[in-house]
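Reproduced below: structure-v1.txt, with compact mmCIF, C-alpha atoms.
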# COMPACT_ATOMS: atom_id res chain seq x y z
CA MET A 1454 28.06 -7.34 -13.07
CA ALA A 1455 28.89 -8.77 -9.62
CA GLU A 1456 30.32 -5.39 -8.55
CA ASP A 1457 27.01 -3.79 -9.51
CA VAL A 1458 25.10 -6.32 -7.40
CA PHE A 1459 27.20 -5.64 -4.29
CA LYS A 1460 26.91 -1.89 -4.79
CA ALA A 1461 23.14 -2.18 -5.23
CA LEU A 1462 22.77 -4.25 -2.06
CA ALA A 1463 24.95 -1.94 0.03
CA ASP A 1464 22.16 0.59 0.45
CA PRO A 1465 19.36 -0.05 3.00
CA THR A 1466 16.71 1.76 0.94
CA ARG A 1467 17.48 -0.43 -2.04
CA ARG A 1468 17.21 -3.53 0.15
CA ARG A 1469 13.78 -2.30 1.29
CA ILE A 1470 12.72 -1.92 -2.34
CA LEU A 1471 13.78 -5.52 -2.96
CA ASP A 1472 11.84 -6.61 0.18
CA GLU A 1473 8.69 -4.98 -1.19
CA LEU A 1474 9.11 -6.40 -4.69
CA ALA A 1475 9.68 -9.84 -3.18
CA GLU A 1476 6.22 -9.49 -1.64
CA ARG A 1477 4.60 -8.55 -4.95
CA ASP A 1478 6.01 -8.24 -8.45
CA GLY A 1479 4.80 -5.77 -11.04
CA GLN A 1480 4.76 -2.56 -9.01
CA SER A 1481 4.53 0.94 -10.42
CA LEU A 1482 6.86 3.65 -9.13
CA PHE A 1483 3.86 5.05 -7.26
CA GLU A 1484 3.27 1.78 -5.42
CA ILE A 1485 6.94 1.42 -4.49
CA CYS A 1486 6.98 4.99 -3.11
CA ALA A 1487 3.75 4.35 -1.17
CA ARG A 1488 5.13 1.14 0.35
CA LEU A 1489 8.42 2.76 1.38
CA VAL A 1490 6.72 5.68 3.09
CA THR A 1491 3.86 3.82 4.78
CA LYS A 1492 5.62 0.60 5.76
CA HIS A 1493 9.13 1.86 6.39
CA GLY A 1494 8.73 5.58 7.06
CA LEU A 1495 11.06 6.34 4.15
CA GLY A 1496 9.71 9.61 2.80
CA LEU A 1497 12.11 9.91 -0.10
CA SER A 1498 11.38 11.94 -3.19
CA ARG A 1499 10.12 10.15 -6.26
CA GLN A 1500 13.32 11.13 -8.06
CA ALA A 1501 15.45 9.58 -5.32
CA ILE A 1502 13.53 6.31 -5.51
CA SER A 1503 13.76 6.40 -9.28
CA GLN A 1504 17.54 6.65 -8.97
CA HIS A 1505 17.65 3.74 -6.52
CA LEU A 1506 15.62 1.71 -9.01
CA ALA A 1507 18.08 2.62 -11.76
CA VAL A 1508 20.94 1.22 -9.66
CA LEU A 1509 18.96 -1.97 -9.00
CA GLU A 1510 18.19 -2.26 -12.70
CA ALA A 1511 21.85 -1.79 -13.65
CA ALA A 1512 22.64 -4.71 -11.33
CA GLY A 1513 19.93 -6.80 -12.95
CA LEU A 1514 18.07 -7.20 -9.64
CA VAL A 1515 15.06 -5.26 -10.88
CA VAL A 1516 13.62 -5.53 -14.35
CA SER A 1517 11.27 -2.84 -15.55
CA ARG A 1518 8.78 -3.48 -18.31
CA ARG A 1519 6.63 -1.15 -20.33
CA GLU A 1520 3.11 -2.46 -20.67
CA GLY A 1521 1.25 -0.07 -22.91
CA ARG A 1522 1.32 3.26 -21.12
CA TYR A 1523 2.32 1.79 -17.77
CA LYS A 1524 5.71 0.86 -16.38
CA PHE A 1525 6.03 -1.98 -13.89
CA HIS A 1526 8.99 -3.28 -11.88
CA ASP A 1527 9.76 -6.94 -11.21
CA LEU A 1528 12.32 -8.59 -8.96
CA ASP A 1529 14.98 -10.81 -10.55
CA THR A 1530 16.95 -12.90 -8.07
CA GLY A 1531 19.15 -14.40 -10.80
CA PRO A 1532 22.14 -12.10 -10.14
CA LEU A 1533 21.93 -12.89 -6.39
CA GLU A 1534 22.21 -16.60 -7.01
CA ARG A 1535 25.16 -16.07 -9.31
CA VAL A 1536 27.17 -13.97 -6.83
CA MET A 1537 26.32 -16.07 -3.78
CA THR A 1538 27.06 -19.49 -5.23
CA ARG A 1539 30.63 -18.28 -5.60
CA TRP A 1540 31.18 -18.96 -1.87
CA LEU A 1541 28.81 -21.85 -1.42
CA ARG A 1542 31.06 -24.89 -1.32
CA PRO A 1543 30.10 -27.54 -3.81
CA PRO A 1544 30.52 -31.20 -2.69
CA SER A 1545 34.02 -31.18 -4.18
CA ALA A 1546 35.03 -28.12 -2.12
CA GLY A 1547 38.61 -27.04 -2.39
CA SER A 1548 39.11 -28.70 -5.74
CA PRO A 1549 41.11 -26.70 -8.29
CA THR A 1550 38.04 -26.20 -10.49
CA SER A 1551 36.08 -24.21 -7.87
CA THR A 1552 39.07 -21.95 -7.15
CA GLU A 1553 39.53 -21.41 -10.85
CA SER A 1554 35.91 -20.38 -11.31
CA ALA A 1555 36.17 -17.84 -8.45
CA GLU A 1556 39.30 -16.41 -10.01
CA ARG A 1557 37.54 -16.25 -13.33
CA ALA A 1558 34.68 -14.33 -11.69
CA ASP A 1559 37.15 -11.76 -10.31
CA THR A 1560 38.80 -11.33 -13.67
CA THR A 1561 35.46 -10.85 -15.39
CA GLU A 1562 34.50 -8.15 -12.88
CA SER A 1563 37.52 -5.98 -13.53
CA THR A 1564 36.84 -6.01 -17.25
CA PRO A 1565 35.08 -2.71 -18.10
CA MET B 1345 -14.64 26.98 2.41
CA LYS B 1346 -15.33 23.60 0.91
CA ILE B 1347 -14.47 21.70 -2.24
CA HIS B 1348 -17.33 22.23 -4.63
CA LEU B 1349 -15.85 20.94 -7.87
CA THR B 1350 -12.75 19.10 -8.93
CA SER B 1351 -11.79 17.72 -12.32
CA VAL B 1352 -10.08 14.99 -14.29
CA PHE B 1353 -8.85 15.55 -17.86
CA VAL B 1354 -10.49 12.93 -20.03
CA ASP B 1355 -9.49 11.93 -23.57
CA ASP B 1356 -13.10 11.43 -24.70
CA GLN B 1357 -15.95 13.03 -22.77
CA GLU B 1358 -18.70 10.67 -23.93
CA LYS B 1359 -16.60 7.60 -23.18
CA ALA B 1360 -15.67 9.11 -19.82
CA LEU B 1361 -19.30 9.77 -18.94
CA ARG B 1362 -20.10 6.11 -19.66
CA PHE B 1363 -17.19 4.87 -17.56
CA TYR B 1364 -17.74 7.17 -14.60
CA THR B 1365 -21.49 6.39 -14.48
CA ASP B 1366 -22.01 2.85 -15.85
CA VAL B 1367 -18.82 1.35 -14.43
CA LEU B 1368 -17.78 3.40 -11.40
CA GLY B 1369 -21.38 4.18 -10.45
CA PHE B 1370 -21.45 7.98 -10.25
CA VAL B 1371 -24.52 9.92 -11.36
CA GLN B 1372 -24.53 12.60 -14.03
CA LYS B 1373 -25.33 16.03 -12.63
CA HIS B 1374 -24.68 18.55 -15.41
CA ASP B 1375 -24.29 18.21 -19.15
CA VAL B 1376 -24.09 21.59 -20.86
CA PRO B 1377 -22.98 22.03 -24.50
CA LEU B 1378 -19.91 24.26 -24.63
CA GLY B 1379 -18.83 24.79 -28.23
CA LYS B 1380 -17.35 21.50 -29.41
CA ASP B 1381 -17.01 20.30 -25.81
CA ARG B 1382 -19.44 19.78 -22.95
CA TRP B 1383 -19.56 20.80 -19.31
CA ILE B 1384 -20.16 17.37 -17.79
CA THR B 1385 -20.11 16.75 -14.05
CA VAL B 1386 -20.88 13.64 -12.03
CA VAL B 1387 -21.61 13.19 -8.33
CA SER B 1388 -21.77 10.29 -5.93
CA PRO B 1389 -25.28 8.79 -5.61
CA GLU B 1390 -24.63 8.89 -1.86
CA GLU B 1391 -24.10 12.66 -1.98
CA PRO B 1392 -26.08 14.22 -4.85
CA ASN B 1393 -25.28 17.68 -3.48
CA GLY B 1394 -21.69 16.83 -2.69
CA THR B 1395 -18.50 17.59 -4.59
CA GLU B 1396 -18.92 17.48 -8.36
CA LEU B 1397 -16.34 15.84 -10.58
CA LEU B 1398 -15.86 17.66 -13.87
CA LEU B 1399 -14.97 15.47 -16.85
CA GLU B 1400 -12.77 18.05 -18.48
CA PRO B 1401 -11.61 17.84 -22.11
CA SER B 1402 -7.90 17.12 -22.68
CA GLY B 1403 -7.48 19.59 -25.53
CA HIS B 1404 -4.84 21.84 -23.99
CA PRO B 1405 -1.37 20.94 -25.32
CA ALA B 1406 0.05 20.68 -21.80
CA VAL B 1407 -2.46 18.03 -20.77
CA GLN B 1408 -1.29 14.99 -22.75
CA PRO B 1409 2.38 15.11 -21.64
CA TYR B 1410 1.19 15.63 -18.07
CA LYS B 1411 -1.19 12.68 -18.18
CA THR B 1412 1.30 10.42 -19.96
CA ALA B 1413 3.99 11.11 -17.34
CA LEU B 1414 1.62 10.44 -14.44
CA VAL B 1415 0.34 7.16 -15.89
CA HIS B 1416 3.89 6.03 -16.66
CA ASP B 1417 4.81 6.34 -12.99
CA GLY B 1418 1.49 4.95 -11.76
CA ILE B 1419 0.33 8.20 -10.15
CA PRO B 1420 -3.43 8.64 -9.73
CA ALA B 1421 -5.18 11.80 -10.94
CA ALA B 1422 -7.88 11.49 -8.28
CA SER B 1423 -8.80 9.43 -5.25
CA PHE B 1424 -12.29 8.16 -4.41
CA ALA B 1425 -13.51 6.72 -1.12
CA VAL B 1426 -15.20 3.32 -1.11
CA ASP B 1427 -16.52 1.10 1.69
CA ASP B 1428 -14.32 -1.86 0.87
CA VAL B 1429 -11.43 -1.62 -1.58
CA ARG B 1430 -11.13 -5.37 -2.11
CA ALA B 1431 -14.85 -5.81 -2.82
CA GLU B 1432 -14.80 -2.88 -5.23
CA TYR B 1433 -11.66 -4.25 -6.86
CA GLU B 1434 -13.40 -7.58 -7.47
CA ARG B 1435 -16.56 -5.89 -8.76
CA LEU B 1436 -14.69 -3.59 -11.16
CA ARG B 1437 -12.33 -6.29 -12.37
CA GLY B 1438 -15.40 -8.33 -13.22
CA LEU B 1439 -16.46 -5.43 -15.43
CA GLY B 1440 -13.13 -5.54 -17.26
CA VAL B 1441 -11.42 -2.67 -15.42
CA PHE B 1442 -7.63 -2.82 -15.40
CA PHE B 1443 -5.78 -2.15 -12.14
CA THR B 1444 -2.18 -0.89 -12.06
CA GLN B 1445 -2.09 -1.55 -8.33
CA GLU B 1446 -3.95 -4.38 -6.66
CA PRO B 1447 -5.40 -3.76 -3.20
CA LEU B 1448 -2.62 -2.88 -0.80
CA GLU B 1449 -2.96 -2.54 2.97
CA MET B 1450 -0.82 0.24 4.33
CA GLY B 1451 -1.43 0.44 8.05
CA SER B 1452 -4.98 1.66 8.57
CA VAL B 1453 -5.50 2.50 4.89
CA THR B 1454 -6.18 0.20 1.96
CA THR B 1455 -5.78 1.45 -1.61
CA ALA B 1456 -5.89 0.21 -5.19
CA VAL B 1457 -5.31 2.02 -8.49
CA LEU B 1458 -7.32 1.57 -11.69
CA ASP B 1459 -7.28 2.87 -15.26
CA ASP B 1460 -10.29 5.03 -16.16
CA THR B 1461 -9.85 4.23 -19.92
CA CYS B 1462 -9.69 7.97 -20.59
CA GLY B 1463 -6.02 8.52 -19.85
CA ASN B 1464 -6.04 8.62 -16.05
CA LEU B 1465 -5.32 6.44 -13.09
CA ILE B 1466 -7.80 6.60 -10.23
CA GLN B 1467 -7.10 5.53 -6.67
CA ILE B 1468 -9.80 3.97 -4.53
CA VAL B 1469 -9.32 3.99 -0.79
CA HIS B 1470 -10.88 2.99 2.49
CA SER B 1471 -9.74 3.50 6.07
CA ALA B 1472 -10.05 0.71 8.60

Any chance you could give the structure as structure tokens?
Amino acid sequence: MAEDVFKALADPTRRRILDELAERDGQSLFEICARLVTKHGLGLSRQAISQHLAVLEAAGLVVSRREGRYKFHDLDTGPLERVMTRWLRPPSAGSPTSTESAERADTTESTP
Amino acid sequence: MKIHLTSVFVDDQEKALRFYTDVLGFVQKHDVPLGKDRWITVVSPEEPNGTELLLEPSGHPAVQPYKTALVHDGIPAASFAVDDVRAEYERLRGLGVFFTQEPLEMGSVTTAVLDDTCGNLIQIVHSA
């Protein structure tokens, strides 16, 4: 899961999509495309943006929901908090428990 | 050359006529019986001799998959100019209209996207 998050964040277009969803949740593919082209000059094809959204969804950063005949996309920052807290030192920094949890996170990642 | 007529495929012509006139505010121009369907067009009250919008029946088998795919991705079937998108958004929402995109400022253009209740999304737009 963490690998997916890093991969998703590695691409600037995908970071722009997250920027736009942070401004307003519940966007259709059409709105996301319109925002990317008008605000960021990113004239990508709808298919390309759809694929970027699929990567963000696989990482859990974007959640899409069907509402009747429409499909909307929401931002989920949960996965970000989980991967970032790994390096944020808790008050008991350096204690064996925090090292163990980081090691556990690495082990979990490599599991297919 | 100029655009004389354009069309939207509507699921129910009578329901569409009500929505496009009573809710959106267009005026009926033609209503001609055509077998089991009708030739219904509406125009803007601001331009009675302007472009007509044909409320075309959705009977052709290619139409439903086309409409479903567009609505799924939020893509409007037509775009109409208004004076003030936000004011129109508030007015239409008050009439129970559902918007798939709330007013969005994109540089000099503001848009919003609504459901016409007949299987289409419609964009409204104004330029600053």

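Residues of chain B having any atom within 7 Å of chain A, counting all atoms listed in the file, are Val1415, His1416, Asp1417, Gly1418, Ile1419, Gln1445 and Met1450 of chain B.
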
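Distances to B:Thr1412 were evaluated for B:Leu1399, B:Leu1439, B:Leu1465, B:Val1376 using only C-alpha atoms, and the minimum falls at B:Leu1465.
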
Task: Residues near B:Thr1365, cut-off 12 Å, only C-alpha atoms, skip fewer than 4 positions along chain, as a list of chain:residue names - done: B:Gln1357, B:Glu1358, B:Lys1359, B:Ala1360, B:Leu1361, B:Gly1369, B:Phe1370, B:Val1371, B:Gln1372, B:Lys1373, B:Ile1384, B:Thr1385, B:Val1386, B:Val1387, B:Ser1388, B:Pro1389, B:Leu1397, B:Leu1399, B:Asp1460

Grab the residues selected above and save them as a PDB file, in the coordinates of the input with C-alpha atoms.
ATOM      1  CA  GLN B1357     -15.950  13.030 -22.770  1.00  0.00           C
ATOM      2  CA  GLU B1358     -18.700  10.670 -23.930  1.00  0.00           C
ATOM      3  CA  LYS B1359     -16.600   7.600 -23.180  1.00  0.00           C
ATOM      4  CA  ALA B1360     -15.670   9.110 -19.820  1.00  0.00           C
ATOM      5  CA  LEU B1361     -19.300   9.770 -18.940  1.00  0.00           C
ATOM      6  CA  GLY B1369     -21.380   4.180 -10.450  1.00  0.00           C
ATOM      7  CA  PHE B1370     -21.450   7.980 -10.250  1.00  0.00           C
ATOM      8  CA  VAL B1371     -24.520   9.920 -11.360  1.00  0.00           C
ATOM      9  CA  GLN B1372     -24.530  12.600 -14.030  1.00  0.00           C
ATOM     10  CA  LYS B1373     -25.330  16.030 -12.630  1.00  0.00           C
ATOM     11  CA  ILE B1384     -20.160  17.370 -17.790  1.00  0.00           C
ATOM     12  CA  THR B1385     -20.110  16.750 -14.050  1.00  0.00           C
ATOM     13  CA  VAL B1386     -20.880  13.640 -12.030  1.00  0.00           C
ATOM     14  CA  VAL B1387     -21.610  13.190  -8.330  1.00  0.00           C
ATOM     15  CA  SER B1388     -21.770  10.290  -5.930  1.00  0.00           C
ATOM     16  CA  PRO B1389     -25.280   8.790  -5.610  1.00  0.00           C
ATOM     17  CA  LEU B1397     -16.340  15.840 -10.580  1.00  0.00           C
ATOM     18  CA  LEU B1399     -14.970  15.470 -16.850  1.00  0.00           C
ATOM     19  CA  ASP B1460     -10.290   5.030 -16.160  1.00  0.00           C
TER      20      ASP B1460
END

Open item on the list: Could you tell me how far atom CA of B:Asn1393 sits from atom CA of B:Val1426, in Å to one decimal place?
Closed with: 17.7 Å

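Shortest separation to B:Arg1382 among B:Val1407, B:Val1429, B:Leu1398, B:Val1453 occurs at residue B:Leu1398, atoms counted being all atoms listed in the file.
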
Can you rebuild stretch 1378-1403 of chain B with N, CA, C and O atoms and give it as a compact mmCIF listing (two decimals), in the frame of the given file?
# COMPACT_ATOMS: atom_id res chain seq x y z
N LEU B 1378 -20.86 23.15 -24.79
CA LEU B 1378 -19.91 24.26 -24.63
C LEU B 1378 -19.03 24.28 -25.87
O LEU B 1378 -17.92 23.77 -25.85
N GLY B 1379 -19.56 24.85 -26.96
CA GLY B 1379 -18.83 24.79 -28.23
C GLY B 1379 -18.73 23.34 -28.66
O GLY B 1379 -19.72 22.61 -28.64
N LYS B 1380 -17.51 22.90 -28.97
CA LYS B 1380 -17.35 21.50 -29.41
C LYS B 1380 -17.24 20.57 -28.20
O LYS B 1380 -17.26 19.35 -28.35
N ASP B 1381 -17.11 21.12 -27.02
CA ASP B 1381 -17.01 20.30 -25.81
C ASP B 1381 -18.28 20.42 -24.97
O ASP B 1381 -19.22 21.12 -25.35
N ARG B 1382 -18.29 19.72 -23.86
CA ARG B 1382 -19.44 19.78 -22.95
C ARG B 1382 -18.95 20.03 -21.52
O ARG B 1382 -17.83 19.67 -21.17
N TRP B 1383 -19.83 20.65 -20.73
CA TRP B 1383 -19.56 20.80 -19.31
C TRP B 1383 -20.28 19.64 -18.62
O TRP B 1383 -21.49 19.69 -18.39
N ILE B 1384 -19.54 18.57 -18.36
CA ILE B 1384 -20.16 17.37 -17.79
C ILE B 1384 -19.63 17.18 -16.36
O ILE B 1384 -18.42 17.11 -16.15
N THR B 1385 -20.54 17.09 -15.41
CA THR B 1385 -20.11 16.75 -14.05
C THR B 1385 -20.88 15.53 -13.56
O THR B 1385 -22.02 15.28 -13.97
N VAL B 1386 -20.23 14.79 -12.68
CA VAL B 1386 -20.88 13.64 -12.03
C VAL B 1386 -20.74 13.81 -10.52
O VAL B 1386 -19.83 14.50 -10.05
N VAL B 1387 -21.65 13.17 -9.80
CA VAL B 1387 -21.61 13.19 -8.33
C VAL B 1387 -21.82 11.77 -7.81
O VAL B 1387 -22.27 10.88 -8.55
N SER B 1388 -21.51 11.59 -6.55
CA SER B 1388 -21.77 10.29 -5.93
C SER B 1388 -23.27 10.16 -5.67
O SER B 1388 -23.90 11.12 -5.22
N PRO B 1389 -23.86 8.98 -5.94
CA PRO B 1389 -25.28 8.79 -5.61
C PRO B 1389 -25.53 8.93 -4.11
O PRO B 1389 -26.65 9.23 -3.68
N GLU B 1390 -24.48 8.74 -3.31
CA GLU B 1390 -24.63 8.89 -1.86
C GLU B 1390 -24.66 10.36 -1.44
O GLU B 1390 -25.12 10.67 -0.35
N GLU B 1391 -24.14 11.23 -2.29
CA GLU B 1391 -24.10 12.66 -1.98
C GLU B 1391 -24.42 13.48 -3.22
O GLU B 1391 -23.52 14.10 -3.81
N PRO B 1392 -25.70 13.52 -3.61
CA PRO B 1392 -26.08 14.22 -4.85
C PRO B 1392 -25.73 15.71 -4.80
O PRO B 1392 -25.54 16.33 -5.84
N ASN B 1393 -25.65 16.27 -3.60
CA ASN B 1393 -25.28 17.68 -3.48
C ASN B 1393 -23.83 17.86 -3.03
O ASN B 1393 -23.42 18.96 -2.64
N GLY B 1394 -23.10 16.77 -3.11
CA GLY B 1394 -21.69 16.83 -2.69
C GLY B 1394 -20.79 17.33 -3.81
O GLY B 1394 -21.25 17.90 -4.80
N THR B 1395 -19.50 17.12 -3.63
CA THR B 1395 -18.50 17.59 -4.59
C THR B 1395 -18.78 17.02 -5.98
O THR B 1395 -19.02 15.83 -6.15
N GLU B 1396 -18.74 17.92 -6.98
CA GLU B 1396 -18.92 17.48 -8.36
C GLU B 1396 -17.56 17.18 -8.99
O GLU B 1396 -16.58 17.88 -8.71
N LEU B 1397 -17.55 16.16 -9.82
CA LEU B 1397 -16.34 15.84 -10.58
C LEU B 1397 -16.58 16.25 -12.02
O LEU B 1397 -17.50 15.76 -12.68
N LEU B 1398 -15.75 17.17 -12.50
CA LEU B 1398 -15.86 17.66 -13.87
C LEU B 1398 -15.04 16.77 -14.79
O LEU B 1398 -13.85 16.54 -14.54
N LEU B 1399 -15.69 16.27 -15.85
CA LEU B 1399 -14.97 15.47 -16.85
C LEU B 1399 -14.48 16.44 -17.93
O LEU B 1399 -15.19 16.74 -18.88
N GLU B 1400 -13.28 16.94 -17.69
CA GLU B 1400 -12.77 18.05 -18.48
C GLU B 1400 -12.04 17.58 -19.73
O GLU B 1400 -11.26 16.64 -19.67
N PRO B 1401 -12.29 18.25 -20.88
CA PRO B 1401 -11.61 17.84 -22.11
C PRO B 1401 -10.09 17.99 -22.01
O PRO B 1401 -9.62 18.88 -21.30
N SER B 1402 -9.37 17.13 -22.75
CA SER B 1402 -7.90 17.12 -22.68
C SER B 1402 -7.24 17.93 -23.78
O SER B 1402 -6.09 17.69 -24.13
N GLY B 1403 -7.97 18.89 -24.34
CA GLY B 1403 -7.48 19.59 -25.53
C GLY B 1403 -6.24 20.45 -25.36
O GLY B 1403 -5.47 20.63 -26.30
